[in-house]
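Notes for the one structure printed next.
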Protein chains: 2
Amino acid sequence: MPKVVRFHTTGEASVLQLDELPVPLAADDDVVIDVRAFGLNRAEIMFRRGAYPQYAPALPSTLGYEAAGVVRAIGPKVTTLKVGDRVSSVPSFKMGYYWTYGEVARVPEHAVVPLPAHLSWAEGAAIWMPYLTVWGAFVEYGRLQAGETVVIRAASSSVGVAAMQMAKQLGATVIALTRGDAKRDFIASHGPDHIVTTQGGDLAAQILDLTGGRGADFIFDPVAGPELMELAAATRYQGRLFIYGRLSGEPSSFPVALGLAKGLTLRGYSLFEVVNFPAIFARGKAAVAAGVAAGVYRPAVDRVFSLGQVAAAHEHMESNVQQGKIVVAV
Amino acid sequence: MPKVVRFHTTGEASVLQLDELPVPLAADDDVVIDVRAFGLNRAEIMFRRGAYPQYAPALPSTLGYEAAGVVRAIGPKVTTLKVGDRVSSVPSFKMGYYWTYGEVARVPEHAVVPLPAHLSWAEGAAIWMPYLTVWGAFVEYGRLQAGETVVIRAASSSVGVAAMQMAKQLGATVIALTRGDAKRDFIASHGPDHIVTTQGGDLAAQILDLTGGRGADFIFDPVAGPELMELAAATRYQGRLFIYGRLSGEPSSFPVALGLAKGLTLRGYSLFEVVNFPAIFARGKAAVAAGVAAGVYRPAVDRVFSLGQVAAAHEHMESNVQQGKIVVAV
């Protein structure tokens, strides 16, 4: 029987285990995939810890949003795929009922897209969460314009890399933020206009200096926390801050006086705002597929772990040393 | 010489005094108005205290944004007005250099609009800050839609009254918030669908109950502070919160987890976002003038003070017992 990653209790990475389970039946619009690689996301770590903002896992629980592999079976209502297709999964389903961590994955038909021939399995597991997340923030909701300046925090993450590539494609100026100098070369290889370290002194002053005192048009931040005040101070009149994560863990103040004086928009955002709306989801899928096919979107893969190392892969993500997407090859 | 209200030092209401000054020259596009009434705004209290978010007063300083009266003199560049016109002023200028508190006011031509014949002088001094502020939030920036539910905090204020009237005009459902029961009858007379008191128990639960568990589409709040968390909890998925003041004085937390899970937009907003942009300002002036002319926008006047009572009028505003606009008749 194929091995599937599950956890029977929430907690640290060590709760992840390989359970041998029957190949799932492909009912309705289910698609069963022989997984060649799956990608890791912060969402799965929160889910594993029981701290996922959307809902709690039903134990024992499977997990995972992203995979690349070959279609093994399709449900009777599936019309757009056939057995043997090379595909990726797009995070757009209820994790736990569906999953991607394992030798086989079960996902719904709407979440399955063809894998371009020029991508490796690992790259195929590293596209959809990052690029679709950024597309929703920069194109659908945030309307990032050519000539605007965007500050991309945690620029070395898989979403950060996607954001740098997509912002440059849209004609924006990119200020990449990273904590120290360790990831500077990696970030520079993805083409930002400027790199600013949060350890390099007054964050607001650095950004204001780079924007001629005007401030950035757009902040894209998965961290939040106390630095939100500094980022707000570095945002232009009527600028917008998209917060798509809370890695900080510390409380985040809304800078009311500054927000009033500058007409700032502070917006919480997640990929669900793309995938929960069919028309938006369809536009996003088409845009990302086009960017990948054109070679403009090039996912960055960090380390590749084996299936037996899945707990180590999670610990690697939690150590915050990775650059790009962490992948498990199956 | 005419009396003009000035303060020579920042502080409590007692710093306001009547200074006899020469009638100002009408240079360039200046308009000098013989004031019949002027309206009070929170902005002037903050300005008087030296706590205005935009800038500090140059002492001694005049003050005031709103007045109604008769044009006494026009500068050589003024083309749209003549001496003797009955007019109101629209807050859209640098308070301190321009002013409305006094027997004469000086304002720039773009800030002067005709006063409809059916309005009293007091009503004419009570239109523009409230209705233009609400128009910018509900129409230009916030896009309040028919069928949406809007929560209007501090509903008994002049802006609150304008917001209730404009929201109903736009076809929205109105939930009016007020602290206790003291102002319930006044608020009810302006047609909200529901009145909720913040002293009446769990604020979020009350609003969720009134919206069938869905949450409000739009929050319009001049208070901010700790209740922002409750209001965010009472906002629907992808809802928006416009914060246009900070009467609370306490810090305001941005509810990051909730903001992410619900895709909330929290926006600082002020009337400057209307009047600083000529095309938007022109649209807003036309929309408010039409609503006033049609009798749909009916400003609520609280107490009318005499010029000698201007300090008492400020203290009355700071006591938070008023209902509608506080006016000084000259």
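All residue names refer to the structure tokens as shown: chains lettered A, B, ... in order, residues numbered from 1 in each chain, ligands numbered from 1 in order.
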| request: Find the residues of chain A in contact range of chain B, meaning any atom within 12 Å when counting only C-alpha atoms, and list them as a VMD selection string. | output: chain A and resid 51 to 55 136 to 137 141 to 142 221 to 226 228 to 229 232 237 to 274 276
| Shell of 8 Å around His190 (chain A), only C-alpha atoms, local chain residues under 4 positions omitted, as a PyMOL selection string | chain A and resi 161+164-165+186
| request: Can you check which residues of region 165-291 of chain A DSSP gives as strand (DSSP E or B) on the backbone and send them as a PyMOL selection string? | output: chain A and resi 173-178+194-197+216-221+235-243+253-254+265-268
If you keep C-alpha atoms, can you produce a file of those selected residues as a PDB file, in the first residue's frame?
ATOM      1  CA  THR A 173      10.572  48.961  -8.885  1.00  0.00           C
ATOM      2  CA  VAL A 174      11.424  46.289  -6.298  1.00  0.00           C
ATOM      3  CA  ILE A 175      12.878  46.867  -2.841  1.00  0.00           C
ATOM      4  CA  ALA A 176      13.622  43.428  -1.382  1.00  0.00           C
ATOM      5  CA  LEU A 177      13.722  43.096   2.406  1.00  0.00           C
ATOM      6  CA  THR A 178      15.678  40.431   4.255  1.00  0.00           C
ATOM      7  CA  HIS A 194      17.399  47.281  -4.179  1.00  0.00           C
ATOM      8  CA  ILE A 195      18.036  45.033  -1.203  1.00  0.00           C
ATOM      9  CA  VAL A 196      17.464  46.371   2.305  1.00  0.00           C
ATOM     10  CA  THR A 197      18.289  44.460   5.485  1.00  0.00           C
ATOM     11  CA  ALA A 216       6.815  53.039  -1.261  1.00  0.00           C
ATOM     12  CA  ASP A 217       3.516  52.571  -3.077  1.00  0.00           C
ATOM     13  CA  PHE A 218       2.955  48.992  -1.979  1.00  0.00           C
ATOM     14  CA  ILE A 219       4.181  46.817   0.888  1.00  0.00           C
ATOM     15  CA  PHE A 220       3.902  43.027   0.605  1.00  0.00           C
ATOM     16  CA  ASP A 221       4.546  41.485   4.001  1.00  0.00           C
ATOM     17  CA  THR A 235       4.587  54.054   2.692  1.00  0.00           C
ATOM     18  CA  ARG A 236       3.467  56.932   0.508  1.00  0.00           C
ATOM     19  CA  TYR A 237       0.246  58.949   0.812  1.00  0.00           C
ATOM     20  CA  GLN A 238      -2.659  56.601  -0.012  1.00  0.00           C
ATOM     21  CA  GLY A 239      -0.255  53.674  -0.237  1.00  0.00           C
ATOM     22  CA  ARG A 240      -1.288  50.105   0.522  1.00  0.00           C
ATOM     23  CA  LEU A 241       0.101  47.376   2.742  1.00  0.00           C
ATOM     24  CA  PHE A 242      -0.852  43.779   1.979  1.00  0.00           C
ATOM     25  CA  ILE A 243      -0.265  41.510   4.981  1.00  0.00           C
ATOM     26  CA  SER A 253      -0.432  47.778  15.885  1.00  0.00           C
ATOM     27  CA  PHE A 254      -2.502  49.682  13.399  1.00  0.00           C
ATOM     28  CA  THR A 265      -4.865  50.902   3.343  1.00  0.00           C
ATOM     29  CA  LEU A 266      -3.834  47.921   5.442  1.00  0.00           C
ATOM     30  CA  ARG A 267      -5.226  44.699   4.048  1.00  0.00           C
ATOM     31  CA  GLY A 268      -5.155  41.140   5.287  1.00  0.00           C
TER      32      GLY A 268
END
Post-fit chain A coords, all in-order Cα pairs vs chain B, as a short mmCIF file (atom, residue, chain, number, x, y, z; two decimals) with C-alpha atoms, in the first residue's frame:
data_model
loop_
_atom_site.label_atom_id
_atom_site.label_comp_id
_atom_site.auth_asym_id
_atom_site.auth_seq_id
_atom_site.Cartn_x
_atom_site.Cartn_y
_atom_site.Cartn_z
CA MET A 1 -12.38 96.37 13.56
CA PRO A 2 -14.04 92.94 13.28
CA LYS A 3 -13.50 90.32 15.94
CA VAL A 4 -11.68 87.13 14.95
CA VAL A 5 -11.19 84.07 17.18
CA ARG A 6 -7.54 83.26 17.78
CA PHE A 7 -5.33 81.39 20.23
CA HIS A 8 -1.88 82.61 21.24
CA THR A 9 -0.90 79.36 22.91
CA THR A 10 -2.13 75.80 22.44
CA GLY A 11 -4.24 74.21 25.17
CA GLU A 12 -7.71 73.96 26.65
CA ALA A 13 -10.73 75.82 25.27
CA SER A 14 -9.93 78.86 27.41
CA VAL A 15 -7.04 79.74 25.08
CA LEU A 16 -9.59 80.91 22.51
CA GLN A 17 -9.96 84.70 22.53
CA LEU A 18 -11.56 87.41 20.41
CA ASP A 19 -8.95 89.64 18.77
CA GLU A 20 -9.90 92.78 16.88
CA LEU A 21 -8.13 92.66 13.55
CA PRO A 22 -8.29 94.73 10.37
CA VAL A 23 -10.56 93.36 7.67
CA PRO A 24 -8.21 91.13 5.67
CA LEU A 25 -7.26 92.21 2.20
CA ALA A 26 -8.65 89.97 -0.53
CA ALA A 27 -5.55 89.12 -2.56
CA ASP A 28 -5.36 86.73 -5.51
CA ASP A 29 -8.22 84.23 -5.13
CA ASP A 30 -9.10 85.17 -1.55
CA VAL A 31 -12.72 85.59 -0.58
CA VAL A 32 -13.60 87.59 2.54
CA ILE A 33 -16.93 86.62 4.07
CA ASP A 34 -19.12 88.45 6.58
CA VAL A 35 -19.79 85.42 8.76
CA ARG A 36 -23.34 84.75 9.99
CA ALA A 37 -22.57 81.33 11.54
CA PHE A 38 -19.66 78.95 11.81
CA GLY A 39 -19.64 75.23 12.58
CA LEU A 40 -17.32 73.36 14.95
CA ASN A 41 -15.27 70.31 14.08
CA ARG A 42 -13.05 67.92 16.02
CA ALA A 43 -10.24 69.06 13.76
CA GLU A 44 -10.27 72.51 15.36
CA ILE A 45 -10.03 71.05 18.84
CA MET A 46 -7.01 68.99 17.85
CA PHE A 47 -5.55 72.05 16.11
CA ARG A 48 -6.15 74.20 19.22
CA ARG A 49 -4.40 71.56 21.33
CA GLY A 50 -1.45 71.34 18.94
CA ALA A 51 -2.41 67.73 18.20
CA TYR A 52 -3.64 68.08 14.63
CA PRO A 53 -2.18 65.17 12.64
CA GLN A 54 -1.46 67.26 9.54
CA TYR A 55 0.60 70.14 10.98
CA ALA A 56 1.06 72.43 13.99
CA PRO A 57 -0.44 75.93 14.21
CA ALA A 58 1.75 79.04 13.78
CA LEU A 59 0.95 81.15 16.86
CA PRO A 60 -1.04 83.26 17.27
CA SER A 61 -3.37 81.28 15.03
CA THR A 62 -6.85 81.68 13.62
CA LEU A 63 -8.94 78.55 13.10
CA GLY A 64 -12.06 77.08 11.54
CA TYR A 65 -13.18 75.28 8.41
CA GLU A 66 -16.90 75.85 8.09
CA ALA A 67 -18.96 79.04 7.89
CA ALA A 68 -22.00 80.52 6.21
CA GLY A 69 -22.32 84.19 5.40
CA VAL A 70 -22.24 86.90 2.74
CA VAL A 71 -19.33 87.67 0.44
CA ARG A 72 -17.79 90.97 1.54
CA ALA A 73 -14.79 91.23 -0.78
CA ILE A 74 -13.16 89.18 -3.51
CA GLY A 75 -9.59 89.02 -4.75
CA PRO A 76 -8.70 90.11 -8.30
CA LYS A 77 -8.49 86.52 -9.56
CA VAL A 78 -11.94 85.48 -8.32
CA THR A 79 -14.32 84.80 -11.21
CA THR A 80 -17.17 82.69 -9.83
CA LEU A 81 -18.46 84.92 -6.99
CA LYS A 82 -19.56 88.49 -6.40
CA VAL A 83 -19.96 90.68 -3.33
CA GLY A 84 -23.28 90.00 -1.64
CA ASP A 85 -23.54 86.30 -2.56
CA ARG A 86 -24.92 83.99 0.18
CA VAL A 87 -22.32 81.25 0.57
CA SER A 88 -20.87 78.41 2.65
CA SER A 89 -17.25 77.41 3.00
CA VAL A 90 -16.00 73.92 2.19
CA PRO A 91 -13.07 72.66 4.32
CA SER A 92 -10.31 72.53 1.72
CA PHE A 93 -7.59 74.93 2.77
CA LYS A 94 -4.78 75.44 5.23
CA MET A 95 -6.45 76.32 8.53
CA GLY A 96 -4.49 79.08 10.25
CA TYR A 97 -3.68 80.99 7.09
CA TYR A 98 -7.38 80.80 6.23
CA TRP A 99 -10.10 80.76 8.91
CA THR A 100 -13.85 80.84 9.54
CA TYR A 101 -14.12 81.56 13.30
CA GLY A 102 -14.89 85.28 13.52
CA GLU A 103 -17.03 88.14 12.29
CA VAL A 104 -15.08 87.89 9.07
CA ALA A 105 -13.54 84.84 7.43
CA ARG A 106 -10.90 84.48 4.77
CA VAL A 107 -11.05 81.44 2.48
CA PRO A 108 -9.91 80.65 -1.09
CA GLU A 109 -12.36 80.79 -3.99
CA HIS A 110 -12.40 77.02 -4.57
CA ALA A 111 -13.73 76.58 -1.02
CA VAL A 112 -16.77 78.81 -1.49
CA VAL A 113 -20.12 77.46 -2.69
CA PRO A 114 -23.61 78.96 -2.93
CA LEU A 115 -25.92 78.49 0.04
CA PRO A 116 -29.31 77.06 -1.00
CA ALA A 117 -32.17 79.41 -0.11
CA HIS A 118 -34.01 76.86 2.03
CA LEU A 119 -31.14 76.53 4.52
CA SER A 120 -30.60 78.70 7.58
CA TRP A 121 -27.22 80.25 8.30
CA ALA A 122 -26.63 77.64 10.99
CA GLU A 123 -27.46 74.81 8.60
CA GLY A 124 -25.21 76.39 5.99
CA ALA A 125 -22.31 76.06 8.45
CA ALA A 126 -23.15 72.40 9.10
CA ILE A 127 -23.05 70.79 5.66
CA TRP A 128 -19.67 70.49 4.11
CA MET A 129 -17.38 68.76 6.56
CA PRO A 130 -19.93 66.04 7.35
CA TYR A 131 -21.38 65.34 3.93
CA LEU A 132 -18.18 65.64 1.93
CA THR A 133 -16.36 63.41 4.43
CA VAL A 134 -19.03 60.75 4.10
CA TRP A 135 -19.24 61.09 0.32
CA GLY A 136 -15.51 60.43 0.01
CA ALA A 137 -15.70 57.35 2.21
CA PHE A 138 -18.97 55.87 0.90
CA VAL A 139 -18.85 56.83 -2.77
CA GLU A 140 -15.39 57.76 -4.01
CA TYR A 141 -13.15 55.41 -2.04
CA GLY A 142 -15.33 52.87 -0.24
CA ARG A 143 -17.89 52.11 -2.99
CA LEU A 144 -20.74 51.34 -0.61
CA GLN A 145 -23.31 49.37 -2.59
CA ALA A 146 -27.09 49.09 -2.41
CA GLY A 147 -27.96 46.10 -0.25
CA GLU A 148 -24.78 46.30 1.81
CA THR A 149 -24.89 46.76 5.57
CA VAL A 150 -22.88 49.61 7.06
CA VAL A 151 -22.08 50.12 10.74
CA ILE A 152 -21.91 53.82 11.60
CA ARG A 153 -20.10 54.50 14.86
CA ALA A 154 -20.72 57.76 16.77
CA ALA A 155 -23.97 57.99 14.85
CA SER A 156 -25.12 61.09 16.76
CA SER A 157 -22.23 63.22 15.48
CA SER A 158 -22.70 65.55 12.52
CA VAL A 159 -20.75 63.09 10.36
CA GLY A 160 -22.79 60.20 11.77
CA VAL A 161 -26.05 61.91 10.80
CA ALA A 162 -24.72 62.61 7.32
CA ALA A 163 -23.57 58.99 7.05
CA MET A 164 -26.99 57.63 8.02
CA GLN A 165 -28.72 59.82 5.44
CA MET A 166 -26.24 59.05 2.67
CA ALA A 167 -26.17 55.31 3.37
CA LYS A 168 -29.96 55.13 3.17
CA GLN A 169 -29.87 57.16 -0.06
CA LEU A 170 -27.41 54.61 -1.50
CA GLY A 171 -29.74 51.75 -0.56
CA ALA A 172 -27.64 50.34 2.27
CA THR A 173 -28.86 48.91 5.56
CA VAL A 174 -27.71 51.07 8.49
CA ILE A 175 -26.64 49.84 11.92
CA ALA A 176 -26.09 52.95 14.06
CA LEU A 177 -23.72 52.65 17.02
CA THR A 178 -23.88 54.85 20.10
CA ARG A 179 -22.49 54.40 23.59
CA GLY A 180 -25.65 54.40 25.69
CA ASP A 181 -29.33 55.20 25.39
CA ALA A 182 -29.07 58.99 25.82
CA LYS A 183 -29.00 59.74 22.09
CA ARG A 184 -31.21 56.93 20.86
CA ASP A 185 -34.24 59.10 20.01
CA PHE A 186 -32.11 61.63 18.15
CA ILE A 187 -30.43 58.88 16.13
CA ALA A 188 -33.73 57.15 15.41
CA SER A 189 -35.05 60.38 13.90
CA HIS A 190 -32.46 60.06 11.11
CA GLY A 191 -33.72 56.71 9.89
CA PRO A 192 -31.21 53.94 10.68
CA ASP A 193 -32.47 50.38 10.38
CA HIS A 194 -30.98 49.36 13.74
CA ILE A 195 -29.44 51.05 16.75
CA VAL A 196 -26.83 49.20 18.80
CA THR A 197 -25.32 50.52 22.03
CA THR A 198 -21.72 49.70 22.86
CA GLN A 199 -22.81 49.49 26.50
CA GLY A 200 -25.45 46.92 25.54
CA GLY A 201 -23.13 43.92 25.72
CA ASP A 202 -20.96 42.05 23.21
CA LEU A 203 -20.69 44.44 20.29
CA ALA A 204 -19.60 41.84 17.73
CA ALA A 205 -22.41 39.46 18.76
CA GLN A 206 -25.02 42.22 18.41
CA ILE A 207 -23.86 43.11 14.89
CA LEU A 208 -23.51 39.49 13.80
CA ASP A 209 -27.00 38.82 15.08
CA LEU A 210 -28.42 41.71 13.03
CA THR A 211 -26.64 40.47 9.88
CA GLY A 212 -27.74 36.85 10.18
CA GLY A 213 -24.26 35.82 11.26
CA ARG A 214 -22.64 37.12 8.08
CA GLY A 215 -21.13 40.33 9.44
CA ALA A 216 -21.33 43.90 8.20
CA ASP A 217 -19.94 44.87 4.81
CA PHE A 218 -18.61 48.25 5.86
CA ILE A 219 -17.59 49.85 9.16
CA PHE A 220 -17.35 53.65 9.40
CA ASP A 221 -15.58 54.58 12.61
CA PRO A 222 -14.12 57.83 14.01
CA VAL A 223 -13.15 56.26 17.34
CA ALA A 224 -10.76 53.31 16.71
CA GLY A 225 -9.13 51.97 19.90
CA PRO A 226 -9.70 48.56 21.45
CA GLU A 227 -13.21 48.08 20.00
CA LEU A 228 -11.59 47.87 16.57
CA MET A 229 -11.01 44.17 17.30
CA GLU A 230 -14.71 43.65 18.01
CA LEU A 231 -15.70 45.56 14.91
CA ALA A 232 -13.31 43.46 12.82
CA ALA A 233 -14.92 40.34 14.27
CA ALA A 234 -18.29 41.73 13.15
CA THR A 235 -17.14 42.41 9.58
CA ARG A 236 -17.84 40.00 6.75
CA TYR A 237 -15.29 38.17 4.58
CA GLN A 238 -13.47 40.81 2.49
CA GLY A 239 -15.29 43.57 4.34
CA ARG A 240 -13.82 47.03 4.84
CA LEU A 241 -13.31 49.27 7.85
CA PHE A 242 -12.87 52.99 7.26
CA ILE A 243 -11.27 54.70 10.26
CA TYR A 244 -11.64 58.48 10.00
CA GLY A 245 -10.75 59.58 13.52
CA ARG A 246 -9.17 58.42 16.73
CA LEU A 247 -11.44 59.74 19.44
CA SER A 248 -10.52 56.75 21.58
CA GLY A 249 -6.99 57.96 22.13
CA GLU A 250 -6.05 54.40 23.07
CA PRO A 251 -3.84 52.25 20.82
CA SER A 252 -5.56 50.33 18.07
CA SER A 253 -4.50 46.78 17.30
CA PHE A 254 -4.61 45.44 13.80
CA PRO A 255 -6.24 42.02 14.09
CA VAL A 256 -3.75 40.20 11.89
CA ALA A 257 -5.09 36.65 12.23
CA LEU A 258 -8.65 37.81 11.57
CA GLY A 259 -7.50 40.15 8.83
CA LEU A 260 -5.76 37.29 7.03
CA ALA A 261 -8.55 34.79 7.49
CA LYS A 262 -11.21 37.25 6.32
CA GLY A 263 -9.27 39.38 3.84
CA LEU A 264 -10.18 42.53 5.73
CA THR A 265 -9.32 46.02 4.54
CA LEU A 266 -8.60 48.55 7.27
CA ARG A 267 -8.25 52.04 5.86
CA GLY A 268 -7.31 55.33 7.43
CA TYR A 269 -9.28 58.11 5.77
CA SER A 270 -9.73 61.85 5.96
CA LEU A 271 -11.52 64.60 4.04
CA PHE A 272 -8.15 65.68 2.67
CA GLU A 273 -8.39 62.71 0.31
CA VAL A 274 -11.31 64.48 -1.32
CA VAL A 275 -10.26 68.11 -1.29
CA ASN A 276 -6.61 67.55 -2.26
CA PHE A 277 -7.61 66.13 -5.66
CA PRO A 278 -9.44 68.68 -7.85
CA ALA A 279 -11.42 66.17 -9.93
CA ILE A 280 -12.57 64.24 -6.87
CA PHE A 281 -13.33 67.47 -5.02
CA ALA A 282 -15.47 68.70 -7.92
CA ARG A 283 -17.44 65.44 -8.02
CA GLY A 284 -17.96 65.59 -4.27
CA LYS A 285 -19.11 69.19 -4.27
CA ALA A 286 -21.62 68.46 -7.02
CA ALA A 287 -22.96 65.35 -5.27
CA VAL A 288 -23.37 67.06 -1.91
CA ALA A 289 -24.94 70.17 -3.43
CA ALA A 290 -27.45 67.97 -5.28
CA GLY A 291 -28.34 66.06 -2.11
CA VAL A 292 -28.81 69.27 -0.14
CA ALA A 293 -30.87 70.91 -2.90
CA ALA A 294 -33.11 67.83 -3.06
CA GLY A 295 -33.67 67.96 0.69
CA VAL A 296 -32.22 64.45 1.11
CA TYR A 297 -29.28 65.74 3.13
CA ARG A 298 -30.65 67.60 6.13
CA PRO A 299 -27.91 68.76 8.50
CA ALA A 300 -28.70 68.41 12.18
CA VAL A 301 -27.81 71.43 14.31
CA ASP A 302 -27.18 70.81 18.01
CA ARG A 303 -26.81 73.99 20.12
CA VAL A 304 -26.18 77.48 18.75
CA PHE A 305 -23.73 79.57 20.77
CA SER A 306 -22.91 83.28 20.48
CA LEU A 307 -19.48 84.49 19.39
CA GLY A 308 -18.57 85.40 22.98
CA GLN A 309 -19.30 81.80 23.97
CA VAL A 310 -16.86 80.20 21.55
CA ALA A 311 -14.78 78.62 24.32
CA ALA A 312 -17.96 77.21 25.87
CA ALA A 313 -18.90 75.83 22.46
CA HIS A 314 -15.56 73.97 22.29
CA GLU A 315 -16.05 72.64 25.82
CA HIS A 316 -19.51 71.47 24.79
CA MET A 317 -17.99 69.47 21.93
CA GLU A 318 -15.36 67.98 24.24
CA SER A 319 -18.09 66.89 26.68
CA ASN A 320 -19.47 64.55 23.97
CA VAL A 321 -23.10 65.27 24.81
CA GLN A 322 -23.93 67.01 21.53
CA GLN A 323 -26.23 65.61 18.88
CA GLY A 324 -25.37 66.92 15.44
CA LYS A 325 -23.38 70.02 14.59
CA ILE A 326 -22.45 72.64 17.19
CA VAL A 327 -22.76 76.12 15.67
CA VAL A 328 -21.71 79.63 16.69
CA ALA A 329 -24.01 82.39 15.39
CA VAL A 330 -22.27 85.71 14.70
#
